[in-house]
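Presented below is the structure to which this report refers.
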Amino acid sequence: MDLFVHTLVSGLVQFTLAVLIAFVWWWFGARRQRRFTQWIGLTKIQGGTKTFSFMLLTLLILFGCGWLVIQVVPGTYTASTQFGGLGWTALPSVLVHALLNTSGWEEIFFRGLLLKRLMGKCGLLVANTLQAALFGLMHGVPLFLMTGMSVVQAAVITLFTGLAGWCLGYMNEKYAQGSIFPSWTVHMLSNVASGTLSAFNML
């Protein structure tokens, strides 16, 4: 129960902070042009079969990236490590963690706020590459600083999480007409899978 409460509280704080930053940005810069939900990408998923096909492909890419990270950097502490060996009792925490602590605020900030603002300056390909690089660095640099892993190991994590972030952003903007729900869904499912596997000592 302590793990669930901690996960829920920290998830709500992180998610609220990301939404608040985005809302303030919108309020002072774009509220006269578009509604907040459109501006940040909280819109209906568009694109039909193509979007859902790319969602499935991106989910497989995320699984592949996660597997490669585990192979190259075995024993690395990840966000799912906290659920290790807890079995069924960890599942409520895994779900909250996947919905809010990781995919929730990260999709709002990286694919909603950052990517869309950068696109207005430098187009999709450059903007998506920039947000993906920052997304990768956000995962690799803290692990390098806090765990003592090598530069090569941190670079691998940065590269693969950056690739995942690139696919998520490309999917939203190329296929779903800017909705962040596809990347949020895929990101969440990926984290549910990794958290569940960790809970049952299958990672």
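Labels for the structure tokens follow display order: chains A, B, ..., residues from 1 in each chain, ligands from 1.
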
Find the residues around Trp184 (chain A) up to 9 Å (only C-alpha atoms counted), leave out those fewer than 5 positions away in its own chain, and share them as an MDAnalysis selection string. chainID A and resid 99 103:104 106:108 168 189

What's the 12 Å shell around Trp166 (chain A), counting only C-alpha atoms, without same-chain residues fewer than 6 positions away, as a count of residues only? 27

Extract, using only C-alpha atoms, all DNA, RNA and protein residues at most 12 Å from Gly11 (chain A), discarding same-chain residues fewer than 5 positions from it, and format them as a ChimeraX atom specification. /A:3-6,16-18,93-106

Using N, CA, C and O atoms, can you export the residues from the last selection as a JSON list (two decimals), in the first residue's frame?
[["chain", "number", "residue", "atom", "x", "y", "z"],
["A", 3, "LEU", "N", 3.76, 1.63, -1.39],
["A", 3, "LEU", "CA", 4.26, 1.81, -2.74],
["A", 3, "LEU", "C", 3.20, 2.44, -3.63],
["A", 3, "LEU", "O", 3.49, 3.35, -4.42],
["A", 4, "PHE", "N", 1.96, 1.98, -3.50],
["A", 4, "PHE", "CA", 0.87, 2.52, -4.32],
["A", 4, "PHE", "C", 0.65, 4.00, -4.01],
["A", 4, "PHE", "O", 0.52, 4.83, -4.92],
["A", 5, "VAL", "N", 0.58, 4.34, -2.73],
["A", 5, "VAL", "CA", 0.36, 5.74, -2.34],
["A", 5, "VAL", "C", 1.50, 6.62, -2.83],
["A", 5, "VAL", "O", 1.28, 7.70, -3.38],
["A", 6, "HIS", "N", 2.72, 6.14, -2.63],
["A", 6, "HIS", "CA", 3.88, 6.91, -3.09],
["A", 6, "HIS", "C", 3.84, 7.11, -4.61],
["A", 6, "HIS", "O", 4.08, 8.21, -5.11],
["A", 16, "THR", "N", 0.68, 16.92, -12.87],
["A", 16, "THR", "CA", 0.12, 18.26, -12.65],
["A", 16, "THR", "C", 1.13, 19.34, -12.99],
["A", 16, "THR", "O", 0.78, 20.37, -13.60],
["A", 17, "LEU", "N", 2.38, 19.13, -12.61],
["A", 17, "LEU", "CA", 3.42, 20.12, -12.91],
["A", 17, "LEU", "C", 3.61, 20.28, -14.42],
["A", 17, "LEU", "O", 3.72, 21.41, -14.92],
["A", 18, "ALA", "N", 3.62, 19.16, -15.16],
["A", 18, "ALA", "CA", 3.78, 19.23, -16.62],
["A", 18, "ALA", "C", 2.62, 19.96, -17.25],
["A", 18, "ALA", "O", 2.81, 20.82, -18.14],
["A", 93, "SER", "N", 0.14, -0.34, -8.61],
["A", 93, "SER", "CA", 1.22, 0.66, -8.68],
["A", 93, "SER", "C", 1.82, 0.74, -10.07],
["A", 93, "SER", "O", 2.15, 1.84, -10.55],
["A", 94, "VAL", "N", 1.97, -0.41, -10.72],
["A", 94, "VAL", "CA", 2.49, -0.44, -12.09],
["A", 94, "VAL", "C", 1.59, 0.37, -13.02],
["A", 94, "VAL", "O", 2.06, 1.16, -13.84],
["A", 95, "LEU", "N", 0.28, 0.18, -12.88],
["A", 95, "LEU", "CA", -0.66, 0.89, -13.75],
["A", 95, "LEU", "C", -0.61, 2.40, -13.54],
["A", 95, "LEU", "O", -0.58, 3.17, -14.50],
["A", 96, "VAL", "N", -0.59, 2.82, -12.27],
["A", 96, "VAL", "CA", -0.52, 4.26, -11.98],
["A", 96, "VAL", "C", 0.80, 4.83, -12.46],
["A", 96, "VAL", "O", 0.85, 5.91, -13.05],
["A", 97, "HIS", "N", 1.87, 4.07, -12.21],
["A", 97, "HIS", "CA", 3.19, 4.51, -12.64],
["A", 97, "HIS", "C", 3.24, 4.70, -14.16],
["A", 97, "HIS", "O", 3.77, 5.69, -14.66],
["A", 98, "ALA", "N", 2.68, 3.73, -14.89],
["A", 98, "ALA", "CA", 2.71, 3.80, -16.35],
["A", 98, "ALA", "C", 1.84, 4.93, -16.88],
["A", 98, "ALA", "O", 2.19, 5.59, -17.86],
["A", 99, "LEU", "N", 0.72, 5.19, -16.24],
["A", 99, "LEU", "CA", -0.23, 6.20, -16.72],
["A", 99, "LEU", "C", 0.24, 7.62, -16.42],
["A", 99, "LEU", "O", 0.13, 8.51, -17.27],
["A", 100, "LEU", "N", 0.78, 7.84, -15.21],
["A", 100, "LEU", "CA", 1.10, 9.19, -14.77],
["A", 100, "LEU", "C", 2.58, 9.48, -14.64],
["A", 100, "LEU", "O", 3.09, 10.48, -15.15],
["A", 101, "ASN", "N", 3.31, 8.60, -13.92],
["A", 101, "ASN", "CA", 4.70, 8.91, -13.56],
["A", 101, "ASN", "C", 5.63, 8.95, -14.76],
["A", 101, "ASN", "O", 6.63, 9.66, -14.73],
["A", 102, "THR", "N", 5.34, 8.17, -15.78],
["A", 102, "THR", "CA", 6.23, 8.14, -16.94],
["A", 102, "THR", "C", 5.50, 8.67, -18.17],
["A", 102, "THR", "O", 5.75, 9.80, -18.60],
["A", 103, "SER", "N", 4.62, 7.89, -18.74],
["A", 103, "SER", "CA", 4.01, 8.29, -20.01],
["A", 103, "SER", "C", 3.20, 9.57, -19.89],
["A", 103, "SER", "O", 3.21, 10.40, -20.81],
["A", 104, "GLY", "N", 2.51, 9.78, -18.79],
["A", 104, "GLY", "CA", 1.64, 10.95, -18.66],
["A", 104, "GLY", "C", 2.37, 12.27, -18.81],
["A", 104, "GLY", "O", 2.16, 13.02, -19.77],
["A", 105, "TRP", "N", 3.26, 12.55, -17.88],
["A", 105, "TRP", "CA", 3.91, 13.85, -17.92],
["A", 105, "TRP", "C", 4.92, 13.94, -19.07],
["A", 105, "TRP", "O", 5.11, 15.02, -19.65],
["A", 106, "GLU", "N", 5.54, 12.82, -19.43],
["A", 106, "GLU", "CA", 6.53, 12.85, -20.51],
["A", 106, "GLU", "C", 5.87, 13.15, -21.85],
["A", 106, "GLU", "O", 6.42, 13.90, -22.67]]

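Distances here use only C-alpha atoms; by that measure, the residue among A:Ser179, A:Thr89, A:Thr196, A:Gln153 closest to Gln46 (chain A) is A:Ser179.
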
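One distance worth recording is that between CA of Arg117 (chain A) and CA of Gly178 (chain A), which is 11.9 Å.
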
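Excluding Lys44 (chain A) itself and same-chain residues fewer than 4 positions from it, the residues having an atom within 10 Å of it are Gln38, Ala176, Gln177, Gly178, Ser179, Ile180, Phe181 and Pro182 of chain A, counting only C-alpha atoms.
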
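CA of Trp67 (chain A) is found 16.2 Å from CA of Ala199 (chain A).
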
For Phe36 (chain A), list every protein, DNA or RNA residue within 10 Å, evaluated using only C-alpha atoms, and leave out those in the same chain fewer than 2 positions away; present the list as a compact mmCIF listing (two decimals) with all heavy atoms, in the first residue's frame.
# COMPACT_ATOMS: atom_id res chain seq x y z
N ALA A 22 2.69 23.68 -19.22
CA ALA A 22 2.12 23.82 -20.55
C ALA A 22 0.99 24.85 -20.56
O ALA A 22 0.89 25.67 -21.48
CB ALA A 22 1.62 22.47 -21.04
N PHE A 23 0.16 24.82 -19.53
CA PHE A 23 -0.99 25.73 -19.48
C PHE A 23 -0.55 27.18 -19.36
O PHE A 23 -1.10 28.06 -20.02
CB PHE A 23 -1.90 25.35 -18.30
CG PHE A 23 -3.18 26.14 -18.27
CD1 PHE A 23 -4.25 25.77 -19.07
CD2 PHE A 23 -3.31 27.26 -17.46
CE1 PHE A 23 -5.43 26.50 -19.06
CE2 PHE A 23 -4.48 28.00 -17.43
CZ PHE A 23 -5.55 27.62 -18.24
N TRP A 25 2.31 28.42 -20.36
CA TRP A 25 2.88 28.76 -21.65
C TRP A 25 1.77 29.13 -22.64
O TRP A 25 1.85 30.13 -23.35
CB TRP A 25 3.69 27.58 -22.17
CG TRP A 25 4.58 27.86 -23.36
CD1 TRP A 25 4.29 28.63 -24.45
CD2 TRP A 25 5.90 27.34 -23.57
NE1 TRP A 25 5.33 28.62 -25.34
CE2 TRP A 25 6.34 27.84 -24.82
CE3 TRP A 25 6.73 26.49 -22.84
CZ2 TRP A 25 7.58 27.51 -25.35
CZ3 TRP A 25 7.97 26.18 -23.37
CH2 TRP A 25 8.39 26.68 -24.61
N TRP A 26 0.74 28.29 -22.70
CA TRP A 26 -0.40 28.54 -23.59
C TRP A 26 -1.12 29.82 -23.21
O TRP A 26 -1.47 30.63 -24.09
CB TRP A 26 -1.36 27.35 -23.52
CG TRP A 26 -2.69 27.62 -24.16
CD1 TRP A 26 -3.00 27.56 -25.49
CD2 TRP A 26 -3.91 27.97 -23.48
NE1 TRP A 26 -4.32 27.86 -25.69
CE2 TRP A 26 -4.90 28.12 -24.48
CE3 TRP A 26 -4.25 28.18 -22.15
CZ2 TRP A 26 -6.22 28.46 -24.17
CZ3 TRP A 26 -5.55 28.52 -21.83
CH2 TRP A 26 -6.53 28.67 -22.84
N TRP A 27 -1.35 30.03 -21.94
CA TRP A 27 -2.12 31.19 -21.47
C TRP A 27 -1.47 32.51 -21.90
O TRP A 27 -2.16 33.43 -22.35
CB TRP A 27 -2.24 31.14 -19.95
CG TRP A 27 -3.05 32.29 -19.38
CD1 TRP A 27 -2.60 33.47 -18.90
CD2 TRP A 27 -4.48 32.33 -19.28
NE1 TRP A 27 -3.64 34.27 -18.48
CE2 TRP A 27 -4.80 33.59 -18.70
CE3 TRP A 27 -5.50 31.45 -19.60
CZ2 TRP A 27 -6.13 33.98 -18.46
CZ3 TRP A 27 -6.81 31.83 -19.35
CH2 TRP A 27 -7.11 33.09 -18.78
N ALA A 30 -0.66 31.67 -26.46
CA ALA A 30 -1.46 31.14 -27.57
C ALA A 30 -2.96 31.04 -27.28
O ALA A 30 -3.70 30.53 -28.13
CB ALA A 30 -0.93 29.76 -27.96
N ARG A 31 -3.42 31.52 -26.15
CA ARG A 31 -4.83 31.28 -25.80
C ARG A 31 -5.80 31.99 -26.74
O ARG A 31 -6.97 31.61 -26.82
CB ARG A 31 -5.11 31.65 -24.35
CG ARG A 31 -4.98 33.10 -24.00
CD ARG A 31 -5.10 33.29 -22.50
NE ARG A 31 -4.78 34.63 -22.09
CZ ARG A 31 -5.68 35.58 -21.86
NH1 ARG A 31 -6.97 35.30 -22.00
NH2 ARG A 31 -5.32 36.79 -21.48
N ARG A 32 -5.34 33.01 -27.43
CA ARG A 32 -6.23 33.71 -28.36
C ARG A 32 -6.34 32.99 -29.70
O ARG A 32 -7.24 33.27 -30.49
CB ARG A 32 -5.74 35.15 -28.60
CG ARG A 32 -5.72 36.00 -27.35
CD ARG A 32 -5.29 37.42 -27.65
NE ARG A 32 -5.08 38.18 -26.43
CZ ARG A 32 -6.03 38.76 -25.71
NH1 ARG A 32 -7.29 38.65 -26.10
NH2 ARG A 32 -5.75 39.43 -24.62
N GLN A 33 -5.40 32.08 -29.97
CA GLN A 33 -5.40 31.38 -31.25
C GLN A 33 -6.12 30.03 -31.21
O GLN A 33 -6.86 29.68 -32.12
CB GLN A 33 -3.95 31.14 -31.73
CG GLN A 33 -3.23 32.37 -32.23
CD GLN A 33 -2.66 33.21 -31.11
OE1 GLN A 33 -2.12 32.66 -30.17
NE2 GLN A 33 -2.80 34.52 -31.20
N ARG A 34 -5.86 29.24 -30.17
CA ARG A 34 -6.43 27.89 -30.10
C ARG A 34 -6.77 27.51 -28.68
O ARG A 34 -6.19 28.03 -27.73
CB ARG A 34 -5.43 26.86 -30.66
CG ARG A 34 -5.38 26.79 -32.16
CD ARG A 34 -4.48 25.68 -32.61
NE ARG A 34 -3.09 25.92 -32.29
CZ ARG A 34 -2.12 25.02 -32.44
NH1 ARG A 34 -2.41 23.81 -32.85
NH2 ARG A 34 -0.87 25.32 -32.15
N GLN A 38 -6.32 21.61 -28.00
CA GLN A 38 -5.79 21.51 -29.37
C GLN A 38 -4.32 21.88 -29.40
O GLN A 38 -3.52 21.25 -30.10
CB GLN A 38 -6.59 22.43 -30.30
CG GLN A 38 -8.02 21.98 -30.54
CD GLN A 38 -8.76 22.96 -31.42
OE1 GLN A 38 -8.58 24.18 -31.30
NE2 GLN A 38 -9.60 22.44 -32.30
N TRP A 39 -3.96 22.90 -28.66
CA TRP A 39 -2.59 23.42 -28.66
C TRP A 39 -1.60 22.38 -28.14
O TRP A 39 -0.49 22.27 -28.63
CB TRP A 39 -2.57 24.67 -27.78
CG TRP A 39 -1.29 25.42 -27.71
CD1 TRP A 39 -0.80 26.32 -28.61
CD2 TRP A 39 -0.32 25.36 -26.65
NE1 TRP A 39 0.41 26.82 -28.19
CE2 TRP A 39 0.72 26.25 -26.98
CE3 TRP A 39 -0.25 24.65 -25.46
CZ2 TRP A 39 1.83 26.45 -26.16
CZ3 TRP A 39 0.86 24.84 -24.65
CH2 TRP A 39 1.88 25.73 -25.00
N ILE A 40 -2.02 21.58 -27.15
CA ILE A 40 -1.13 20.60 -26.53
C ILE A 40 -1.27 19.21 -27.15
O ILE A 40 -0.43 18.34 -26.94
CB ILE A 40 -1.37 20.54 -24.99
CG1 ILE A 40 -0.17 19.95 -24.27
CG2 ILE A 40 -2.63 19.74 -24.67
CD1 ILE A 40 1.05 20.84 -24.27
N GLY A 41 -2.35 19.00 -27.93
CA GLY A 41 -2.52 17.71 -28.59
C GLY A 41 -3.46 16.74 -27.90
O GLY A 41 -3.45 15.55 -28.21
N LEU A 42 -4.27 17.23 -26.98
CA LEU A 42 -5.25 16.36 -26.32
C LEU A 42 -6.52 16.33 -27.17
O LEU A 42 -7.57 16.84 -26.81
CB LEU A 42 -5.55 16.88 -24.91
CG LEU A 42 -4.37 16.82 -23.93
CD1 LEU A 42 -4.71 17.54 -22.63
CD2 LEU A 42 -3.97 15.38 -23.65

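You will find CA of His139 (chain A) at 22.1 Å from CA of Leu20 (chain A).
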